[in-house]
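Q: The structure file input39.cif (mmCIF, C-alpha atoms) is provided below.
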data_final
loop_
_atom_site.label_atom_id
_atom_site.label_comp_id
_atom_site.auth_asym_id
_atom_site.auth_seq_id
_atom_site.Cartn_x
_atom_site.Cartn_y
_atom_site.Cartn_z
CA MET A 1 11.74 19.31 -29.61
CA ALA A 2 9.70 16.41 -28.25
CA ASN A 3 7.43 16.89 -25.27
CA THR A 4 8.79 15.39 -22.08
CA LEU A 5 7.06 14.11 -18.98
CA GLU A 6 8.89 13.79 -15.67
CA LEU A 7 7.25 11.46 -13.16
CA LEU A 8 8.22 11.41 -9.50
CA PHE A 9 8.31 8.12 -7.63
CA CYS A 10 5.84 8.49 -4.76
CA PRO A 11 6.10 6.49 -1.56
CA ASP A 12 3.07 4.33 -0.85
CA PRO A 13 3.06 4.01 2.94
CA GLN A 14 -0.22 2.06 3.05
CA LEU A 15 1.01 -0.70 0.75
CA THR A 16 4.38 -0.77 2.49
CA GLU A 17 2.53 -1.31 5.78
CA VAL A 18 0.36 -4.08 4.27
CA MET A 19 3.51 -5.89 3.13
CA ARG A 20 5.20 -5.42 6.53
CA LEU A 21 2.09 -6.81 8.26
CA ARG A 22 2.30 -9.88 6.00
CA VAL A 23 5.88 -10.52 7.14
CA GLN A 24 4.91 -9.92 10.78
CA SER A 25 1.89 -12.23 10.50
CA LEU A 26 4.03 -15.06 9.09
CA GLN A 27 6.62 -14.60 11.84
CA GLN A 28 4.01 -14.57 14.62
CA ARG A 29 2.37 -17.76 13.34
CA GLY A 30 5.68 -19.46 12.66
CA GLN A 31 4.68 -19.96 9.03
CA LYS A 32 6.80 -19.77 5.91
CA ARG A 33 6.11 -17.65 2.86
CA GLN A 34 4.24 -19.17 -0.06
CA ASP A 35 6.37 -20.84 -2.71
CA GLY A 36 7.74 -18.01 -4.88
CA GLU A 37 6.38 -15.24 -2.66
CA ARG A 38 8.56 -12.12 -2.34
CA LEU A 39 8.46 -10.67 1.19
CA LEU A 40 9.34 -7.05 1.93
CA GLN A 41 12.74 -6.67 3.58
CA PRO A 42 13.22 -4.18 6.47
CA ASN A 43 15.24 -1.81 4.25
CA GLU A 44 12.61 -1.77 1.48
CA ALA A 45 9.54 0.37 0.81
CA VAL A 46 6.83 0.39 -1.85
CA TYR A 47 6.74 3.30 -4.28
CA ARG A 48 4.47 3.96 -7.23
CA LEU A 49 4.35 5.80 -10.52
CA ASP A 50 1.05 7.14 -11.82
CA PHE A 51 1.04 7.44 -15.59
CA THR A 52 -0.97 10.39 -16.87
CA LYS A 53 -0.12 9.43 -20.46
CA GLN A 54 0.37 5.97 -21.93
CA SER A 55 2.45 6.47 -25.11
CA LEU A 56 5.89 7.12 -23.67
CA GLY A 57 9.51 6.62 -24.64
CA PHE A 58 12.21 6.44 -21.97
CA SER A 59 14.46 9.50 -21.79
CA HIS A 60 16.50 9.49 -18.56
CA TRP A 61 16.64 8.92 -14.82
CA THR A 62 17.12 11.65 -12.22
CA VAL A 63 18.35 10.14 -8.98
CA ARG A 64 19.84 12.31 -6.27
CA LEU A 65 21.36 10.77 -3.17
CA ALA A 66 22.03 13.37 -0.48
CA GLN A 67 24.80 11.23 1.01
CA SER A 68 26.76 8.13 0.17
CA GLY A 69 24.69 5.01 -0.20
CA CYS A 70 22.98 2.67 -2.63
CA LEU A 71 19.43 2.60 -3.98
CA THR A 72 18.06 -0.41 -5.84
CA ILE A 73 14.74 0.03 -7.65
CA ILE A 74 12.83 -3.12 -8.56
CA ALA A 75 9.67 -2.91 -10.65
CA THR A 76 6.75 -5.29 -10.70
CA SER A 77 6.23 -6.60 -14.20
CA GLN A 78 2.64 -7.76 -13.82
CA LEU A 79 -0.38 -5.89 -12.59
CA TRP A 80 0.05 -6.48 -8.89
CA THR A 81 -2.62 -5.53 -6.37
CA PRO A 82 -0.95 -5.80 -2.97
CA ASP A 83 -4.23 -5.49 -1.10
CA LEU A 84 -5.58 -8.59 -2.86
CA THR A 85 -2.61 -10.77 -3.80
CA HIS A 86 0.87 -11.47 -2.49
CA LEU A 87 3.88 -10.25 -4.45
CA MET A 88 5.50 -13.16 -6.24
CA ALA A 89 9.17 -13.26 -7.25
CA ARG A 90 8.22 -13.97 -10.88
CA GLN A 91 6.47 -10.58 -10.99
CA LEU A 92 9.75 -8.69 -10.51
CA LEU A 93 11.24 -6.99 -13.54
CA GLU A 94 14.88 -7.57 -14.50
CA PRO A 95 17.27 -5.83 -14.53
CA PRO A 96 16.67 -3.61 -11.51
CA GLY A 97 17.93 -0.04 -11.44
CA VAL A 98 20.96 0.28 -9.17
CA PHE A 99 22.12 3.78 -8.23
CA TRP A 100 24.87 4.69 -5.77
CA ARG A 101 27.00 7.49 -4.46
CA ALA A 102 30.45 6.87 -3.02
CA ALA A 103 31.55 8.57 0.19
CA ASP A 104 34.28 10.47 -1.68
CA ASP A 105 31.84 12.05 -4.19
CA ALA A 106 31.73 15.60 -2.87
CA HIS A 107 29.61 17.17 -5.60
CA GLU A 108 25.80 16.85 -5.75
CA GLY A 109 25.76 15.07 -9.14
CA GLY A 110 27.87 12.19 -7.86
CA THR A 111 25.16 9.54 -8.31
CA LYS A 112 26.30 6.67 -10.52
CA CYS A 113 24.48 3.70 -12.04
CA TYR A 114 24.95 0.76 -14.35
CA GLU A 115 24.08 2.75 -17.50
CA ALA A 116 22.98 -0.14 -19.75
CA ASP A 117 20.82 -1.74 -17.06
CA ALA A 118 19.26 1.60 -16.07
CA HIS A 119 18.48 2.36 -19.71
CA GLU A 120 16.93 -1.07 -20.33
CA PHE A 121 14.97 -0.75 -17.08
CA GLY A 122 13.61 2.64 -18.16
CA GLU A 123 12.61 1.27 -21.57
CA ARG A 124 10.73 -1.62 -19.94
CA ILE A 125 8.85 0.81 -17.71
CA ALA A 126 7.89 2.85 -20.80
CA GLU A 127 6.59 -0.33 -22.47
CA LEU A 128 4.50 -1.28 -19.45
CA ALA A 129 3.13 2.27 -19.24
CA LYS A 130 1.35 1.66 -22.54
CA VAL A 131 -1.05 -0.70 -20.78
CA ARG A 132 -1.03 0.62 -17.23
CA LYS A 133 -2.09 3.68 -15.29
CA VAL A 134 -0.05 2.72 -12.19
CA MET A 135 3.13 0.76 -11.56
CA TYR A 136 4.53 -0.37 -8.23
CA PHE A 137 8.21 -0.50 -7.27
CA LEU A 138 10.30 -1.78 -4.39
CA PHE A 139 12.96 0.68 -3.30
CA ALA A 140 15.78 -1.04 -1.40
CA PHE A 141 17.83 1.43 0.62
CA GLY A 142 21.38 0.34 1.42
CA GLU A 143 24.66 1.56 2.82
CA GLY A 144 23.47 4.75 4.51
CA CYS A 145 20.67 5.53 2.06
CA SER A 146 17.14 6.20 3.34
CA PRO A 147 13.84 7.54 1.99
CA GLU A 148 14.70 10.96 3.44
CA THR A 149 17.98 11.16 1.51
CA VAL A 150 16.65 10.09 -1.91
CA ASP A 151 15.00 12.14 -4.66
CA CYS A 152 14.06 10.05 -7.66
CA SER A 153 12.19 10.62 -10.92
CA ILE A 154 12.09 9.24 -14.44
CA THR A 155 11.66 11.31 -17.57
CA PHE A 156 9.91 10.14 -20.72
CA THR A 157 9.33 11.59 -24.16
CA VAL A 158 5.64 11.73 -25.01
CA ASP A 159 4.84 10.06 -28.31
CA SER A 160 2.30 12.07 -30.28
#
In C-alpha coordinates, what does this structure look like?

A:
Amino acid sequence: MANTLELLFCPDPQLTEVMRLRVQSLQQRGQKRQDGERLLQPNEAVYRLDFTKQSLGFSHWTVRLAQSGCLTIIATSQLWTPDLTHLMARQLLEPPGVFWRAADDAHEGGTKCYEADAHEFGERIAELAKVRKVMYFLFAFGEGCSPETVDCSITFTVDS
(Lines of atoms letter the chains of each structure in order from A and count residues from 1; the text may use other names and numbers.)
(Lines give C-alpha, C1' and ligand atoms only; values in the text may rest on other atoms or scores of the structure.)
Protein backbone atom coordinates (compact mmCIF):
# COMPACT_ATOMS: atom_id res chain seq x y z
CA MET A 1 0.00 0.00 0.00
CA ALA A 2 1.26 3.46 -0.89
CA ASN A 3 2.20 5.92 1.81
CA THR A 4 -0.35 8.68 2.30
CA LEU A 5 -0.01 12.19 3.62
CA GLU A 6 -3.00 14.12 4.95
CA LEU A 7 -2.53 17.88 5.09
CA LEU A 8 -4.86 20.14 7.04
CA PHE A 9 -5.76 23.55 5.67
CA CYS A 10 -4.60 26.07 8.27
CA PRO A 11 -6.16 29.50 8.64
CA ASP A 12 -3.71 32.35 8.14
CA PRO A 13 -5.20 35.18 10.21
CA GLN A 14 -2.27 37.55 9.57
CA LEU A 15 -2.58 37.37 5.79
CA THR A 16 -6.36 37.57 6.00
CA GLU A 17 -5.96 40.77 8.02
CA VAL A 18 -3.45 42.21 5.52
CA MET A 19 -5.95 41.61 2.71
CA ARG A 20 -8.82 43.12 4.73
CA LEU A 21 -6.67 46.20 5.46
CA ARG A 22 -6.06 46.57 1.71
CA VAL A 23 -9.82 46.65 1.07
CA GLN A 24 -10.34 49.08 3.97
CA SER A 25 -7.52 51.34 2.75
CA LEU A 26 -9.01 51.54 -0.75
CA GLN A 27 -12.45 52.33 0.65
CA GLN A 28 -11.15 55.05 2.98
CA ARG A 29 -9.22 56.75 0.18
CA GLY A 30 -12.05 56.35 -2.32
CA GLN A 31 -9.72 54.49 -4.66
CA LYS A 32 -10.44 51.54 -6.91
CA ARG A 33 -8.55 48.27 -7.00
CA GLN A 34 -5.72 47.83 -9.47
CA ASP A 35 -6.69 46.41 -12.86
CA GLY A 36 -7.02 42.64 -12.35
CA GLU A 37 -6.57 42.79 -8.58
CA ARG A 38 -8.62 40.30 -6.53
CA LEU A 39 -9.86 41.83 -3.27
CA LEU A 40 -10.87 39.71 -0.29
CA GLN A 41 -14.63 39.53 0.20
CA PRO A 42 -16.14 39.76 3.73
CA ASN A 43 -17.07 36.05 3.71
CA GLU A 44 -13.55 34.93 2.68
CA ALA A 45 -10.42 34.05 4.62
CA VAL A 46 -6.88 33.04 3.66
CA TYR A 47 -5.77 29.49 4.42
CA ARG A 48 -2.50 27.74 3.66
CA LEU A 49 -1.05 24.31 3.09
CA ASP A 50 2.53 23.57 4.10
CA PHE A 51 4.03 20.77 2.04
CA THR A 52 6.45 18.60 3.97
CA LYS A 53 7.05 16.47 0.87
CA GLN A 54 7.09 17.55 -2.76
CA SER A 55 6.43 14.38 -4.81
CA LEU A 56 2.72 13.87 -4.26
CA GLY A 57 -0.24 12.39 -6.07
CA PHE A 58 -3.77 13.50 -5.24
CA SER A 59 -5.83 10.93 -3.34
CA HIS A 60 -8.97 12.53 -1.87
CA TRP A 61 -10.58 15.44 -0.06
CA THR A 62 -11.97 15.31 3.47
CA VAL A 63 -14.41 18.16 4.00
CA ARG A 64 -16.79 18.14 6.95
CA LEU A 65 -19.44 20.81 7.30
CA ALA A 66 -21.05 20.77 10.74
CA GLN A 67 -24.23 22.32 9.37
CA SER A 68 -25.79 23.15 6.05
CA GLY A 69 -23.82 25.57 3.94
CA CYS A 70 -21.36 25.95 1.10
CA LEU A 71 -17.57 26.18 1.06
CA THR A 72 -15.66 27.28 -2.02
CA ILE A 73 -11.89 26.78 -2.01
CA ILE A 74 -9.86 28.80 -4.50
CA ALA A 75 -6.13 28.21 -4.85
CA THR A 76 -3.49 30.65 -6.00
CA SER A 77 -1.67 29.24 -9.00
CA GLN A 78 1.45 31.38 -8.80
CA LEU A 79 3.79 31.97 -5.91
CA TRP A 80 1.93 34.77 -4.21
CA THR A 81 3.43 36.73 -1.33
CA PRO A 82 0.55 38.74 0.13
CA ASP A 83 2.84 40.85 2.28
CA LEU A 84 4.69 42.08 -0.83
CA THR A 85 2.26 41.92 -3.75
CA HIS A 86 -1.46 42.18 -4.31
CA LEU A 87 -3.43 39.09 -5.29
CA MET A 88 -4.30 39.25 -8.97
CA ALA A 89 -7.28 37.46 -10.52
CA ARG A 90 -5.01 35.71 -13.04
CA GLN A 91 -3.26 33.97 -10.12
CA LEU A 92 -6.41 32.05 -9.17
CA LEU A 93 -6.55 28.38 -10.08
CA GLU A 94 -9.54 26.96 -11.96
CA PRO A 95 -11.67 25.05 -11.22
CA PRO A 96 -12.24 25.88 -7.56
CA GLY A 97 -13.34 23.20 -5.11
CA VAL A 98 -17.00 23.62 -4.21
CA PHE A 99 -18.35 21.62 -1.26
CA TRP A 100 -21.81 21.87 0.28
CA ARG A 101 -24.21 20.29 2.69
CA ALA A 102 -27.96 20.60 2.28
CA ALA A 103 -30.19 21.36 5.26
CA ASP A 104 -31.91 17.98 4.92
CA ASP A 105 -28.64 15.98 5.17
CA ALA A 106 -28.97 14.62 8.69
CA HIS A 107 -25.91 12.38 8.73
CA GLU A 108 -22.35 13.67 9.29
CA GLY A 109 -21.03 12.50 5.90
CA GLY A 110 -23.55 14.60 3.99
CA THR A 111 -20.95 16.87 2.34
CA LYS A 112 -21.21 16.85 -1.44
CA CYS A 113 -19.03 18.31 -4.19
CA TYR A 114 -18.63 18.47 -7.93
CA GLU A 115 -16.54 15.28 -8.13
CA ALA A 116 -14.73 15.94 -11.42
CA ASP A 117 -13.84 19.52 -10.49
CA ALA A 118 -12.70 18.52 -6.99
CA HIS A 119 -10.53 15.76 -8.44
CA GLU A 120 -8.96 18.05 -11.05
CA PHE A 121 -8.43 20.70 -8.37
CA GLY A 122 -6.66 18.17 -6.14
CA GLU A 123 -4.44 17.03 -9.01
CA ARG A 124 -3.43 20.62 -9.77
CA ILE A 125 -2.51 21.17 -6.13
CA ALA A 126 -0.36 18.01 -6.22
CA GLU A 127 1.41 19.33 -9.35
CA LEU A 128 2.12 22.69 -7.74
CA ALA A 129 3.39 20.95 -4.59
CA LYS A 130 6.30 19.63 -6.64
CA VAL A 131 7.76 23.14 -6.80
CA ARG A 132 6.38 24.72 -3.64
CA LYS A 133 6.68 24.41 0.11
CA VAL A 134 3.57 26.54 0.78
CA MET A 135 0.34 27.25 -1.08
CA TYR A 136 -2.29 29.85 -0.24
CA PHE A 137 -6.04 29.44 -0.63
CA LEU A 138 -9.13 31.61 -0.35
CA PHE A 139 -11.94 29.93 1.55
CA ALA A 140 -15.32 31.47 0.73
CA PHE A 141 -17.94 30.62 3.35
CA GLY A 142 -21.54 30.77 2.17
CA GLU A 143 -25.08 29.91 3.17
CA GLY A 144 -24.56 29.37 6.89
CA CYS A 145 -21.00 28.05 6.66
CA SER A 146 -18.24 29.61 8.79
CA PRO A 147 -14.64 28.84 9.76
CA GLU A 148 -15.90 27.35 13.03
CA THR A 149 -18.16 24.85 11.23
CA VAL A 150 -15.62 23.60 8.66
CA ASP A 151 -12.98 20.89 8.94
CA CYS A 152 -10.98 20.47 5.75
CA SER A 153 -7.98 18.43 4.65
CA ILE A 154 -6.54 16.93 1.49
CA THR A 155 -4.86 13.55 1.26
CA PHE A 156 -2.05 12.69 -1.13
CA THR A 157 -0.13 9.55 -1.98
CA VAL A 158 3.60 10.03 -1.51
CA ASP A 159 5.59 9.08 -4.60
CA SER A 160 8.75 7.21 -3.67

Q: Evaluate the PyMOL selection byres ((chain A and resi 44) around 9) against this structure - the residues, as a PyMOL selection string, please.

A: chain A and resi 16+40-43+45-46+138-141

Q: Carefully work through the PyMOL selection byres ((chain A and resi 73) around 7) for this structure and note down the residues it includes, as number ranges by chain.

A: A: 71-72, 74-75, 96-98, 137-140

Q: Grab the atom CA of Trp100 of chain A to atom CA of Ser68 of chain A distance for me, in Å with one decimal place.

A: 7.1 Å

Q: Which residues are close to Ser77 of chain A, i.e. within 12 Å by all atoms listed in the file, leaving aside same-chain residues fewer than 6 positions away? Reply as an MDAnalysis selection string.

A: chainID A and resid 87:96 121 124:129 131:132 134:138

Q: Store the residues picked out above, limited to C-alpha atoms, as a PDB file, in the frame of the given file.

A:
ATOM      1  CA  LEU A  87       3.880 -10.250  -4.450  1.00  0.00           C
ATOM      2  CA  MET A  88       5.500 -13.160  -6.240  1.00  0.00           C
ATOM      3  CA  ALA A  89       9.170 -13.260  -7.250  1.00  0.00           C
ATOM      4  CA  ARG A  90       8.220 -13.970 -10.880  1.00  0.00           C
ATOM      5  CA  GLN A  91       6.470 -10.580 -10.990  1.00  0.00           C
ATOM      6  CA  LEU A  92       9.750  -8.690 -10.510  1.00  0.00           C
ATOM      7  CA  LEU A  93      11.240  -6.990 -13.540  1.00  0.00           C
ATOM      8  CA  GLU A  94      14.880  -7.570 -14.500  1.00  0.00           C
ATOM      9  CA  PRO A  95      17.270  -5.830 -14.530  1.00  0.00           C
ATOM     10  CA  PRO A  96      16.670  -3.610 -11.510  1.00  0.00           C
ATOM     11  CA  PHE A 121      14.970  -0.750 -17.080  1.00  0.00           C
ATOM     12  CA  ARG A 124      10.730  -1.620 -19.940  1.00  0.00           C
ATOM     13  CA  ILE A 125       8.850   0.810 -17.710  1.00  0.00           C
ATOM     14  CA  ALA A 126       7.890   2.850 -20.800  1.00  0.00           C
ATOM     15  CA  GLU A 127       6.590  -0.330 -22.470  1.00  0.00           C
ATOM     16  CA  LEU A 128       4.500  -1.280 -19.450  1.00  0.00           C
ATOM     17  CA  ALA A 129       3.130   2.270 -19.240  1.00  0.00           C
ATOM     18  CA  VAL A 131      -1.050  -0.700 -20.780  1.00  0.00           C
ATOM     19  CA  ARG A 132      -1.030   0.620 -17.230  1.00  0.00           C
ATOM     20  CA  VAL A 134      -0.050   2.720 -12.190  1.00  0.00           C
ATOM     21  CA  MET A 135       3.130   0.760 -11.560  1.00  0.00           C
ATOM     22  CA  TYR A 136       4.530  -0.370  -8.230  1.00  0.00           C
ATOM     23  CA  PHE A 137       8.210  -0.500  -7.270  1.00  0.00           C
ATOM     24  CA  LEU A 138      10.300  -1.780  -4.390  1.00  0.00           C
TER      25      LEU A 138
END

Q: Any idea what the distance is between atom CA of Phe9 of chain A and atom CA of Ile154 of chain A?

A: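 These atoms are spaced 7.9 Å apart.
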
Q: Please rebuild segment 89-100 of chain A with all heavy atoms and give the result as a CSV table (one decimal), in the frame of the given file.

A:
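rebuild_21.csv, freshly written:
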chain,number,residue,atom,x,y,z
A,89,ALA,N,7.9,-13.5,-6.7
A,89,ALA,CA,9.2,-13.3,-7.2
A,89,ALA,C,9.1,-13.2,-8.8
A,89,ALA,O,9.8,-12.4,-9.4
A,89,ALA,CB,10.2,-14.3,-6.8
A,90,ARG,N,8.3,-14.0,-9.4
A,90,ARG,CA,8.2,-14.0,-10.9
A,90,ARG,C,7.7,-12.7,-11.4
A,90,ARG,O,7.7,-12.4,-12.6
A,90,ARG,CB,7.4,-15.2,-11.4
A,90,ARG,CG,5.9,-15.1,-11.1
A,90,ARG,CD,5.2,-16.2,-11.7
A,90,ARG,NE,3.8,-16.1,-11.4
A,90,ARG,CZ,3.2,-16.5,-10.3
A,90,ARG,NH1,3.9,-17.1,-9.3
A,90,ARG,NH2,1.9,-16.4,-10.1
A,91,GLN,N,7.0,-11.8,-10.6
A,91,GLN,CA,6.5,-10.6,-11.0
A,91,GLN,C,7.5,-9.5,-11.0
A,91,GLN,O,7.2,-8.3,-11.4
A,91,GLN,CB,5.3,-10.2,-10.1
A,91,GLN,CG,4.1,-11.1,-10.1
A,91,GLN,CD,3.1,-10.8,-9.1
A,91,GLN,OE1,3.4,-10.5,-7.9
A,91,GLN,NE2,1.8,-10.8,-9.5
A,92,LEU,N,8.7,-9.7,-10.6
A,92,LEU,CA,9.8,-8.7,-10.5
A,92,LEU,C,10.5,-8.5,-11.8
A,92,LEU,O,10.9,-9.5,-12.5
A,92,LEU,CB,10.7,-9.0,-9.4
A,92,LEU,CG,10.1,-9.1,-8.0
A,92,LEU,CD1,11.1,-9.5,-7.0
A,92,LEU,CD2,9.4,-7.8,-7.6
A,93,LEU,N,10.6,-7.3,-12.2
A,93,LEU,CA,11.2,-7.0,-13.5
A,93,LEU,C,12.8,-7.0,-13.4
A,93,LEU,O,13.3,-6.5,-12.5
A,93,LEU,CB,10.7,-5.6,-13.9
A,93,LEU,CG,10.9,-5.2,-15.4
A,93,LEU,CD1,10.1,-6.1,-16.3
A,93,LEU,CD2,10.3,-3.7,-15.5
A,94,GLU,N,13.4,-7.6,-14.4
A,94,GLU,CA,14.9,-7.6,-14.5
A,94,GLU,C,15.3,-6.7,-15.7
A,94,GLU,O,14.6,-6.7,-16.7
A,94,GLU,CB,15.4,-9.0,-14.7
A,94,GLU,CG,15.2,-9.9,-13.5
A,94,GLU,CD,16.1,-9.6,-12.3
A,94,GLU,OE1,17.2,-9.0,-12.5
A,94,GLU,OE2,15.7,-9.8,-11.2
A,95,PRO,N,16.4,-6.0,-15.7
A,95,PRO,CA,17.3,-5.8,-14.5
A,95,PRO,C,16.7,-4.7,-13.6
A,95,PRO,O,16.0,-3.9,-14.1
A,95,PRO,CB,18.6,-5.4,-15.2
A,95,PRO,CG,18.1,-4.6,-16.4
A,95,PRO,CD,16.9,-5.4,-16.9
A,96,PRO,N,17.1,-4.7,-12.4
A,96,PRO,CA,16.7,-3.6,-11.5
A,96,PRO,C,17.5,-2.4,-11.8
A,96,PRO,O,18.6,-2.5,-12.5
A,96,PRO,CB,16.9,-4.1,-10.1
A,96,PRO,CG,18.0,-5.1,-10.3
A,96,PRO,CD,17.8,-5.7,-11.6
A,97,GLY,N,17.1,-1.2,-11.3
A,97,GLY,CA,17.9,0.0,-11.4
A,97,GLY,C,18.8,0.1,-10.2
A,97,GLY,O,18.2,0.1,-9.1
A,98,VAL,N,20.1,0.1,-10.3
A,98,VAL,CA,21.0,0.3,-9.2
A,98,VAL,C,21.7,1.6,-9.3
A,98,VAL,O,22.4,1.9,-10.3
A,98,VAL,CB,22.0,-0.9,-9.1
A,98,VAL,CG1,22.9,-0.7,-7.9
A,98,VAL,CG2,21.3,-2.2,-9.1
A,99,PHE,N,21.5,2.4,-8.3
A,99,PHE,CA,22.1,3.8,-8.2
A,99,PHE,C,22.9,3.9,-6.9
A,99,PHE,O,22.4,3.4,-5.9
A,99,PHE,CB,21.0,4.9,-8.3
A,99,PHE,CG,20.1,4.7,-9.5
A,99,PHE,CD1,19.0,3.9,-9.5
A,99,PHE,CD2,20.4,5.4,-10.7
A,99,PHE,CE1,18.2,3.8,-10.6
A,99,PHE,CE2,19.6,5.2,-11.8
A,99,PHE,CZ,18.5,4.4,-11.7
A,100,TRP,N,24.1,4.6,-7.0
A,100,TRP,CA,24.9,4.7,-5.8
A,100,TRP,C,25.7,6.0,-5.8
A,100,TRP,O,25.9,6.6,-6.9
A,100,TRP,CB,25.8,3.5,-5.6
A,100,TRP,CG,26.9,3.4,-6.6
A,100,TRP,CD1,28.1,3.9,-6.5
A,100,TRP,CD2,26.8,2.7,-7.9
A,100,TRP,NE1,28.9,3.6,-7.6
A,100,TRP,CE2,28.1,2.9,-8.5
A,100,TRP,CE3,25.8,2.0,-8.5
A,100,TRP,CZ2,28.4,2.4,-9.7
A,100,TRP,CZ3,26.1,1.5,-9.8
A,100,TRP,CH2,27.4,1.7,-10.4
